[in-house]
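*Asks:* Contents of entry09.cif (mmCIF, C-alpha atoms) are given next:
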```cif
data_start
loop_
_atom_site.label_atom_id
_atom_site.label_comp_id
_atom_site.auth_asym_id
_atom_site.auth_seq_id
_atom_site.Cartn_x
_atom_site.Cartn_y
_atom_site.Cartn_z
CA MET A 1 78.37 86.46 100.22
CA ALA A 2 80.27 83.71 98.42
CA GLY A 3 83.29 84.46 100.57
CA ARG A 4 81.33 83.74 103.68
CA ARG A 5 80.16 80.43 102.31
CA ALA A 6 83.73 79.27 101.89
CA ALA A 7 84.70 80.43 105.36
CA LEU A 8 82.62 77.73 106.98
CA LYS A 9 85.18 74.96 107.50
CA ALA A 10 83.89 71.47 107.95
CA ILE A 11 84.72 70.47 111.50
CA ASP A 12 85.25 66.83 112.29
CA TRP A 13 83.66 66.73 115.72
CA LEU A 14 84.68 63.11 116.27
CA ALA A 15 88.36 63.74 115.75
CA PHE A 16 88.04 66.86 117.83
CA ALA A 17 86.40 64.92 120.62
CA GLU A 18 89.27 62.44 120.66
CA ARG A 19 91.78 65.15 121.28
CA VAL A 20 89.96 66.70 124.19
CA PRO A 21 91.57 65.75 127.53
CA PRO A 22 89.09 64.39 130.07
CA ASN A 23 89.25 67.39 132.35
CA GLN A 24 88.05 69.70 129.57
CA ARG A 25 85.28 67.50 128.33
CA ALA A 26 82.52 69.59 129.89
CA MET A 27 83.72 72.69 128.07
CA PHE A 28 83.89 70.76 124.84
CA ASN A 29 80.32 69.55 125.26
CA ALA A 30 79.15 73.08 125.93
CA LEU A 31 80.90 74.29 122.80
CA LYS A 32 79.36 71.55 120.73
CA THR A 33 75.83 72.22 121.93
CA ARG A 34 76.29 75.92 121.31
CA SER A 35 77.61 75.34 117.82
CA ASP A 36 74.77 73.01 117.02
CA ALA A 37 72.23 75.53 118.28
CA ILE A 38 73.75 78.27 116.17
CA GLY A 39 73.81 76.04 113.12
CA ALA A 40 70.21 75.03 113.62
CA LYS A 41 69.19 78.64 113.89
CA LEU A 42 70.91 79.39 110.62
CA THR A 43 69.23 76.57 108.76
CA SER A 44 65.83 77.58 110.13
CA LEU A 45 66.05 80.96 108.36
CA PRO A 46 65.39 81.00 104.60
CA GLU A 47 68.24 82.35 102.61
CA LYS A 48 66.40 84.76 100.37
CA PRO A 49 63.80 87.12 101.79
CA VAL A 50 60.22 87.22 100.52
CA VAL A 51 60.05 88.84 97.09
CA ILE A 52 57.79 91.88 96.95
CA ASP A 53 55.32 91.88 94.06
CA TRP A 54 55.77 95.46 92.88
CA ALA A 55 53.41 95.17 89.92
CA TYR A 56 50.52 94.23 92.17
CA TYR A 57 51.24 97.07 94.53
CA LYS A 58 51.61 99.51 91.72
CA SER A 59 48.17 98.61 90.47
CA ALA A 60 46.61 98.49 93.92
CA VAL A 61 47.92 101.51 95.71
CA ALA A 62 46.11 104.65 94.64
CA LYS A 63 48.66 107.15 95.79
CA ALA A 64 50.63 108.09 92.78
CA GLY A 65 54.36 107.56 92.86
CA MET A 66 54.38 106.04 96.32
CA VAL A 67 55.03 102.52 95.09
CA ASP A 68 57.55 103.75 92.58
CA ASP A 69 59.24 105.69 95.30
CA PHE A 70 59.32 102.67 97.60
CA GLU A 71 60.57 100.43 94.83
CA LYS A 72 63.37 102.79 93.93
CA LYS A 73 64.45 103.21 97.53
CA PHE A 74 64.18 99.51 98.25
CA SER A 75 66.30 98.38 95.35
CA ALA A 76 68.84 101.03 96.16
CA LEU A 77 68.97 99.88 99.74
CA THR A 78 72.04 98.18 101.05
CA ILE A 79 71.79 96.61 104.42
CA PRO A 80 74.72 97.37 106.67
CA GLU A 81 76.28 94.23 108.00
CA ALA A 82 77.22 93.72 111.57
CA ALA A 83 80.82 94.51 112.25
CA ASP A 84 83.00 91.53 113.03
CA THR A 85 84.56 92.49 116.34
CA VAL A 86 85.41 89.03 117.56
CA THR A 87 87.60 87.48 114.89
CA ALA A 88 90.54 89.61 115.94
CA LYS A 89 90.15 88.39 119.49
CA ILE A 90 89.94 84.82 118.29
CA ASP A 91 93.15 85.27 116.33
CA ALA A 92 94.82 86.76 119.36
CA GLN A 93 93.63 83.80 121.42
CA GLU A 94 95.01 81.50 118.80
CA GLN A 95 98.43 83.13 118.93
CA GLU A 96 98.38 82.93 122.69
CA SER A 97 97.42 79.29 122.65
CA ASN A 98 100.10 78.53 120.09
CA LYS A 99 102.69 80.07 122.35
CA GLN A 100 101.40 78.20 125.36
CA ALA A 101 101.28 74.98 123.41
CA LEU A 102 104.89 75.46 122.39
CA GLU A 103 105.93 76.01 125.98
CA TYR A 104 103.91 73.04 127.13
CA VAL A 105 105.39 70.82 124.47
CA GLN A 106 108.86 71.89 125.44
CA ALA A 107 108.19 71.28 129.11
CA SER A 108 106.67 67.96 128.20
CA LYS A 109 109.75 67.04 126.18
CA ALA A 110 111.97 67.99 129.12
CA ARG A 111 109.85 65.78 131.34
CA ILE A 112 110.11 62.94 128.85
CA ALA A 113 113.89 63.34 128.77
CA HIS A 114 113.95 63.25 132.56
CA TYR A 115 111.83 60.12 132.66
CA GLN A 116 114.01 58.63 129.96
CA THR A 117 117.19 59.14 131.98
CA GLU A 118 115.55 57.61 135.02
CA LEU A 119 114.42 54.66 132.95
CA GLU A 120 117.97 54.26 131.61
CA LYS A 121 119.30 54.33 135.13
CA PHE A 122 116.91 51.60 136.18
CA ASN A 123 117.57 49.48 133.16
CA ASN A 124 121.33 49.74 133.39
CA MET A 125 121.43 49.05 137.10
CA ILE A 126 123.50 46.11 138.31
CA PRO A 127 121.22 43.36 139.60
CA PHE A 128 120.50 43.45 143.29
CA ASP A 129 122.24 40.10 143.77
CA GLN A 130 125.57 41.62 142.92
CA MET A 131 125.24 44.91 144.76
CA THR A 132 127.10 45.91 147.85
CA ILE A 133 125.72 48.41 150.34
CA ASP A 134 127.91 51.05 148.75
CA ASP A 135 126.48 50.28 145.33
CA LEU A 136 122.99 50.48 146.79
CA ASN A 137 123.70 53.87 148.31
CA HIS A 138 125.13 55.02 145.03
CA THR A 139 122.09 53.93 143.01
CA PHE A 140 119.47 54.96 145.51
CA PRO A 141 120.87 57.89 147.45
CA GLU A 142 117.94 57.80 149.83
CA THR A 143 119.17 54.53 151.32
CA LYS A 144 122.41 56.10 152.50
CA LEU A 145 122.58 56.12 156.29
CA ASP A 146 123.26 59.56 157.70
CA LYS A 147 126.11 58.91 160.11
CA GLU A 148 126.48 62.56 161.07
CA LYS A 149 122.92 63.14 162.09
CA TYR A 150 122.49 59.80 163.82
CA PRO A 151 125.94 58.76 164.95
CA TYR A 152 124.72 55.69 166.82
CA TRP A 153 123.45 52.53 165.25
CA PRO A 154 120.95 52.08 163.57
CA HIS A 155 121.75 55.51 162.07
CA LYS A 156 118.13 56.32 161.47
CA PRO A 157 115.18 57.14 163.69
CA ILE A 158 113.78 54.04 165.41
CA ALA A 159 110.40 54.66 163.83
CA GLU A 160 111.82 54.12 160.39
CA LEU A 161 113.32 50.70 161.12
CA MET B 162 121.57 36.17 146.62
CA LEU B 163 123.74 38.45 148.59
CA SER B 164 126.23 36.26 150.31
CA ARG B 165 125.64 35.54 154.00
CA LEU B 166 129.10 36.88 154.63
CA VAL B 167 128.03 40.32 153.59
CA LEU B 168 125.09 40.46 155.95
CA VAL B 169 126.69 38.98 159.01
CA SER B 170 130.29 39.88 158.79
CA GLY B 171 130.39 42.43 156.07
CA PRO B 172 132.08 45.17 158.06
CA VAL B 173 134.65 42.71 159.41
CA LEU B 174 135.46 41.50 155.96
CA LYS B 175 135.71 44.99 154.62
CA ASN B 176 138.22 46.06 157.21
CA SER B 177 140.43 43.00 157.06
CA GLY B 178 142.65 42.65 154.05
CA SER B 179 143.00 39.45 152.16
CA PHE B 180 141.80 36.68 154.43
CA GLY B 181 143.59 33.64 153.23
CA ALA B 182 141.46 32.24 150.49
CA CYS B 183 138.54 34.63 150.44
CA VAL B 184 138.35 36.95 147.50
CA VAL B 185 138.57 40.52 148.59
CA GLN B 186 135.33 42.31 148.00
CA ALA B 187 136.01 45.16 150.33
CA SER B 188 135.04 48.66 149.41
CA ARG B 189 138.08 50.52 148.37
CA SER B 190 137.68 53.19 151.03
CA LEU B 191 140.94 52.17 152.71
CA GLN B 192 142.95 52.65 149.55
CA THR B 193 144.17 56.18 149.28
CA SER B 194 146.47 56.08 146.29
CA HIS B 195 144.81 56.47 142.94
CA GLN B 196 142.00 53.96 142.66
CA ASN B 197 140.89 52.35 139.45
CA GLN B 198 137.17 52.65 138.95
CA ALA B 199 136.72 49.30 137.24
CA PRO B 200 133.62 47.52 138.50
CA LEU B 201 134.27 44.95 141.18
CA PRO B 202 133.69 41.31 140.33
CA PRO B 203 130.55 39.87 141.90
CA LEU B 204 130.61 38.55 145.44
CA PRO B 205 131.04 34.82 145.88
CA GLU B 206 128.04 32.82 147.00
CA LYS B 207 129.75 30.83 149.68
CA GLY B 208 132.79 31.46 151.78
CA GLY B 209 136.01 29.59 151.37
CA GLN B 210 135.83 25.85 151.88
CA VAL B 211 136.93 24.63 155.30
CA ARG B 212 137.45 21.18 156.71
CA HIS B 213 136.38 20.35 160.27
CA GLY B 214 135.00 23.84 160.68
CA ILE B 215 138.21 25.81 160.91
CA ILE B 216 140.95 24.40 158.75
CA PRO B 217 140.94 25.86 155.24
CA GLU B 218 140.81 23.43 152.38
CA GLU B 219 143.75 25.12 150.70
CA LEU B 220 146.12 23.61 153.28
CA PHE B 221 145.07 20.11 152.27
CA THR B 222 145.36 20.82 148.57
CA MET B 223 148.74 22.42 149.14
CA LEU B 224 150.10 19.40 150.98
CA TYR B 225 148.47 16.74 148.83
CA PRO B 226 151.14 16.47 146.13
CA LYS B 227 153.88 15.93 148.70
CA THR B 228 152.18 13.94 151.44
CA GLY B 229 148.93 12.59 149.98
CA VAL B 230 145.64 12.53 151.82
CA THR B 231 146.91 11.90 155.32
CA GLY B 232 149.61 14.57 155.23
CA PRO B 233 147.84 17.43 156.99
CA TYR B 234 146.41 15.07 159.62
CA MET B 235 149.86 13.77 160.42
CA LEU B 236 151.11 17.32 160.55
CA GLY B 237 148.32 18.29 162.91
CA THR B 238 148.77 15.30 165.21
CA GLY B 239 152.53 15.78 165.28
CA LEU B 240 152.21 19.45 166.15
CA LEU B 241 149.68 18.72 168.88
CA LEU B 242 151.79 16.01 170.47
CA TYR B 243 154.88 18.18 170.24
CA MET B 244 153.14 21.05 172.03
CA LEU B 245 151.71 18.79 174.71
CA SER B 246 154.87 16.79 175.39
CA LYS B 247 157.25 19.69 175.43
CA GLU B 248 154.76 21.59 177.53
CA ILE B 249 154.66 24.49 175.12
CA TYR B 250 150.97 24.30 175.73
CA VAL B 251 150.33 23.63 179.41
CA VAL B 252 147.23 21.70 180.38
CA ASN B 253 145.48 23.49 183.24
CA HIS B 254 141.93 24.27 184.36
CA GLU B 255 141.57 26.71 181.50
CA THR B 256 141.90 23.76 179.16
CA PHE B 257 138.88 22.09 180.68
CA ALA B 258 136.90 25.34 180.47
CA ALA B 259 137.88 25.79 176.83
CA ALA B 260 136.90 22.21 176.06
CA SER B 261 133.47 22.60 177.68
CA ILE B 262 132.76 25.91 176.02
CA GLY B 263 133.97 24.54 172.70
CA ALA B 264 131.69 21.52 173.04
CA VAL B 265 128.66 23.69 173.81
CA ILE B 266 129.42 26.04 170.94
CA ILE B 267 129.89 23.23 168.49
CA TYR B 268 126.68 21.59 169.62
CA GLY B 269 124.77 24.86 169.30
CA VAL B 270 126.09 25.65 165.85
CA LYS B 271 125.47 22.17 164.57
CA LYS B 272 121.91 22.15 165.89
CA PHE B 273 120.73 25.68 165.17
CA GLY B 274 123.11 26.76 162.45
CA PRO B 275 121.02 25.91 159.44
CA ASP B 276 117.89 27.54 160.88
CA VAL B 277 119.69 30.75 161.66
CA ALA B 278 121.23 30.72 158.23
CA ALA B 279 117.85 30.22 156.60
CA PHE B 280 116.41 33.04 158.67
CA ALA B 281 119.22 35.37 157.64
CA ASP B 282 118.74 34.36 154.04
CA LYS B 283 115.04 35.06 154.30
CA LEU B 284 115.72 38.54 155.63
CA ASN B 285 117.99 39.19 152.72
CA GLU B 286 115.51 37.76 150.28
CA GLU B 287 112.86 40.11 151.58
CA LYS B 288 115.12 43.10 151.20
CA VAL B 289 116.02 42.16 147.67
CA ALA B 290 112.41 41.42 146.78
CA LYS B 291 111.32 44.77 148.11
CA ALA B 292 114.01 46.54 146.17
CA GLN B 293 113.11 44.61 143.05
CA GLU B 294 109.47 45.53 143.49
CA VAL B 295 110.38 49.17 143.81
CA LYS B 296 112.45 48.94 140.67
CA ASP B 297 109.71 47.23 138.67
CA LEU B 298 107.09 49.68 139.83
CA ALA B 299 109.35 52.57 138.95
CA THR B 300 110.06 51.26 135.46
CA THR B 301 106.41 50.65 134.66
CA ASN B 302 105.40 54.02 136.02
CA LEU B 303 108.08 55.77 134.04
CA ALA B 304 107.07 54.01 130.86
CA LEU B 305 103.44 54.97 131.48
CA ALA B 306 104.44 58.53 132.22
CA ILE B 307 106.33 58.76 128.96
CA GLU B 308 103.32 57.38 127.11
CA ASP B 309 101.04 59.88 128.76
CA GLU B 310 103.30 62.76 127.90
CA LYS B 311 103.39 61.70 124.27
CA LYS B 312 99.62 61.45 124.28
CA GLU B 313 99.29 64.91 125.73
CA GLN B 314 101.56 66.26 123.04
CA TRP B 315 99.34 64.67 120.41
CA ARG B 316 96.34 66.26 122.10
CA VAL B 317 97.93 69.65 121.99
CA GLU B 318 98.29 69.35 118.24
CA GLY B 319 94.53 69.41 117.92
CA ARG B 320 94.13 72.90 119.30
CA GLN B 321 93.64 74.28 115.81
CA MET B 322 90.21 72.70 115.68
CA LEU B 323 88.97 74.73 118.58
CA PHE B 324 89.71 77.96 116.80
CA ASP B 325 88.19 76.73 113.57
CA ALA B 326 85.05 75.91 115.48
CA LYS B 327 85.02 79.36 117.06
CA ARG B 328 85.49 81.13 113.75
CA ASN B 329 82.77 79.02 112.20
CA ASN B 330 80.43 79.99 114.97
CA VAL B 331 81.21 83.65 114.44
CA ALA B 332 80.64 83.38 110.68
CA VAL B 333 77.36 81.58 111.18
CA LEU B 334 76.18 84.16 113.67
CA LEU B 335 77.01 86.98 111.28
CA GLU B 336 75.21 85.25 108.45
CA THR B 337 72.17 84.68 110.62
CA ASN B 338 72.19 88.30 111.62
CA ARG B 339 72.41 89.44 108.01
CA ARG B 340 69.52 87.28 106.99
CA GLU B 341 67.44 88.50 109.88
CA ARG B 342 68.05 92.09 108.88
CA LEU B 343 67.14 91.38 105.27
CA HIS B 344 63.95 89.71 106.32
CA MET B 345 63.12 92.53 108.68
CA VAL B 346 63.54 95.18 105.97
CA THR B 347 61.41 93.33 103.46
CA ASN B 348 58.75 92.67 105.98
CA GLU B 349 58.60 96.29 107.07
CA VAL B 350 58.30 97.56 103.51
CA LYS B 351 55.65 95.02 102.76
CA LYS B 352 53.77 95.99 105.91
CA ARG B 353 53.78 99.63 104.91
CA LEU B 354 52.48 98.89 101.41
CA ASP B 355 49.85 96.57 102.79
CA TYR B 356 48.83 99.26 105.21
CA GLN B 357 48.33 101.68 102.36
CA ILE B 358 46.18 99.20 100.52
CA ALA B 359 44.18 98.40 103.62
CA LEU B 360 43.69 102.10 104.19
CA GLN B 361 42.41 102.60 100.69
CA GLN B 362 40.00 99.75 100.99
CA LEU B 363 38.76 101.12 104.23
CA HIS B 364 38.12 104.49 102.62
CA VAL B 365 36.18 102.93 99.76
CA ARG B 366 34.07 100.86 102.09
CA MET B 367 33.30 103.79 104.34
CA GLU B 368 32.30 105.93 101.40
CA GLN B 369 30.02 103.21 100.15
CA GLU B 370 28.32 102.74 103.46
CA HIS B 371 27.98 106.46 103.95
CA MET B 372 26.43 106.86 100.53
CA VAL B 373 23.97 104.06 101.10
CA ASN B 374 22.95 105.54 104.43
CA TRP B 375 22.53 108.97 102.90
CA VAL B 376 20.42 107.67 100.06
CA GLU B 377 18.20 105.77 102.47
CA LYS B 378 17.79 108.81 104.67
CA SER B 379 16.94 111.08 101.80
CA VAL B 380 14.43 108.61 100.46
CA ILE B 381 12.81 108.33 103.84
CA ASN B 382 12.72 112.11 104.16
CA SER B 383 11.19 112.47 100.73
CA ILE B 384 8.22 110.41 101.66
CA THR B 385 5.58 113.25 102.34
CA PRO B 386 2.68 112.62 104.75
CA GLN B 387 0.25 112.66 101.80
CA GLN B 388 2.10 109.88 100.07
CA GLU B 389 2.35 108.00 103.31
CA LYS B 390 -1.47 108.07 103.82
CA GLU B 391 -2.04 106.99 100.22
CA SER B 392 0.43 104.15 100.46
CA ILE B 393 -1.06 102.92 103.78
CA ALA B 394 -4.64 103.00 102.24
CA LYS B 395 -3.38 101.12 99.25
CA CYS B 396 -1.69 98.58 101.50
CA ILE B 397 -4.93 98.06 103.48
CA SER B 398 -6.99 97.56 100.31
CA ASP B 399 -4.38 95.17 98.97
CA LEU B 400 -4.45 93.21 102.20
CA LYS B 401 -8.29 93.05 102.09
CA MET B 402 -8.13 91.69 98.58
CA LEU B 403 -5.55 89.18 99.55
CA ALA B 404 -7.65 88.11 102.52
CA LYS B 405 -10.69 87.63 100.28
CA ALA B 406 -8.62 85.65 97.82
CA THR B 407 -7.24 83.33 100.47
CA GLN B 408 -10.69 82.91 102.05
CA ALA B 409 -12.11 81.97 98.67
CA LYS B 410 -9.31 79.54 98.16
CA ALA B 411 -9.85 78.05 101.57
CA ASN B 412 -13.59 77.62 100.97
CA VAL B 413 -12.85 75.79 97.77
#
```
Could the structure of this file be written out as structure tokens, please?

*Replies:*
Amino acid sequence: MAGRRAALKAIDWLAFAERVPPNQRAMFNALKTRSDAIGAKLTSLPEKPVVIDWAYYKSAVAKAGMVDDFEKKFSALTIPEAADTVTAKIDAQEQESNKQALEYVQASKARIAHYQTELEKFNNMIPFDQMTIDDLNHTFPETKLDKEKYPYWPHKPIAEL
Amino acid sequence: MLSRLVLVSGPVLKNSGSFGACVVQASRSLQTSHQNQAPLPPLPEKGGQVRHGIIPEELFTMLYPKTGVTGPYMLGTGLLLYMLSKEIYVVNHETFAAASIGAVIIYGVKKFGPDVAAFADKLNEEKVAKAQEVKDLATTNLALAIEDEKKEQWRVEGRQMLFDAKRNNVAVLLETNRRERLHMVTNEVKKRLDYQIALQQLHVRMEQEHMVNWVEKSVINSITPQQEKESIAKCISDLKMLAKATQAKANV
């Protein structure tokens, strides 16, 4: 029983709430309400069950040995606990999420590197005052006029003028 | 600003080689032998200086040390007179046409030149401004995107809490279940014992009532008719006495 006491980790719901992205906020709220409900249910139950006054029953019940029999069986009784089927699944989910998080972080880092290079390109660009058309085409490839596709001036569809 | 030369006569400039005094800014596409990739110097703002519209200033500066200020003018006048007098240039009707056209052109350029130039500059300005806007937007967006990515990474670090919460929930549920079972067992045992006691009490009470009823019945049965007549007579005489006593009391 003491082991189960220690297993209850204190959860900082505020810090948790900060880390939830906005598109998962509904799920987080559902989880919080569920956890609160479960916790409330636990606190509503008294920890120790009602103690049975054996002496009184022994004196009151006429049938000989019945109370003794009950008492012996009761004290010898161990209550089977519910099997914990879910923790393994939770651990599996955790492993899965760790893996996914790793992938996501790597993808995110790749994206950051990509953005970084673009930012470098923009910051190291020569100022527009000193560019020629060739420099412009080099920096922004989309401005290059396609002389093969549109051989006649203005080298782009009229609609895009 | 991009020089006006680039906009208006860019291609011409690119294809011509060195043009007297202008600095060559041409793209190096015409050079085929190994090119050096050093960055080109920036384009000049204005074209080369000219005097009277067509004569480059460099001629005047070249002749100044030898002939002073009037040198090139003397040279020009002398050349003109030489060509006219020796009839190297023949004056004919084409001359008059050239003079008229020249006059009109000069008038047009002098009158509308600055406006056209301003208009061309404005076009260029707009292009540059648009490009600058694009660049600024792109830089801000990229910076924001990087920030967002970093934030998302920080968010991902918090995933541990979710699983702690889940495990807590499971533990609490198990504990609740255990307590419920405990309570249920105790209550059931208690109920059974209480039932026994209630049963016993019921038995005792039933026996009592039964005994009382039986005693009453037997007493009633034991009253013989003889005794009944005697007791009724006694009751009547007692009542008569009582009546007399109350009457006497009432009279008094």

*Asks:* Apply the PyMOL selection byres ((chain A) within 6 of (chain B)) to the file shown and report the selected residues as a PyMOL selection string.

*Replies:* chain A and resi 8+19+42+49+61+112+115+129-130

*Asks:* Can you give me, as a list of chain:residue names, the residues this file yields under the PyMOL selection byres ((chain A and resi 32) around 12)?

*Replies:*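 Residues picked by the PyMOL selection byres ((chain A and resi 32) around 12): A:Ile11, A:Asp12, A:Trp13, A:Leu14, A:Phe16, A:Ala17, A:Arg25, A:Ala26, A:Met27, A:Phe28, A:Asn29, A:Ala30, A:Leu31, A:Thr33, A:Arg34, A:Ser35, A:Asp36, A:Ala37, A:Ile38, A:Gly39, B:Leu323, B:Ala326, B:Lys327, B:Asn329, B:Asn330.
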
*Asks:* Please compute the atom CA of B:Lys283-atom CA of B:Gly208 distance, one decimal, in Å.

*Replies:*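 Distance between the two atoms: 18.3 Å.
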
*Asks:* Separation of atom CA of B:Ile249 and atom CA of B:Met235, in Å?

*Replies:*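 Atom CA of B:Met235 lies 18.8 Å from atom CA of B:Ile249.
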
*Asks:* One decimal, Å: what's the distance from atom CA of A:Pro80 over to atom CA of B:Glu349, could you say?

*Replies:* 16.2 Å

*Asks:* Within 7 Å of A:His155, counting only C-alpha atoms, which residues qualify if same-chain residues fewer than 6 places away don't, as a compact mmCIF listing (two decimals) with C-alpha atoms, in the coordinates of the input?

*Replies:*
```
# COMPACT_ATOMS: atom_id res chain seq x y z
CA LEU A 145 122.58 56.12 156.29
CA ASP A 146 123.26 59.56 157.70
CA LYS A 147 126.11 58.91 160.11
```
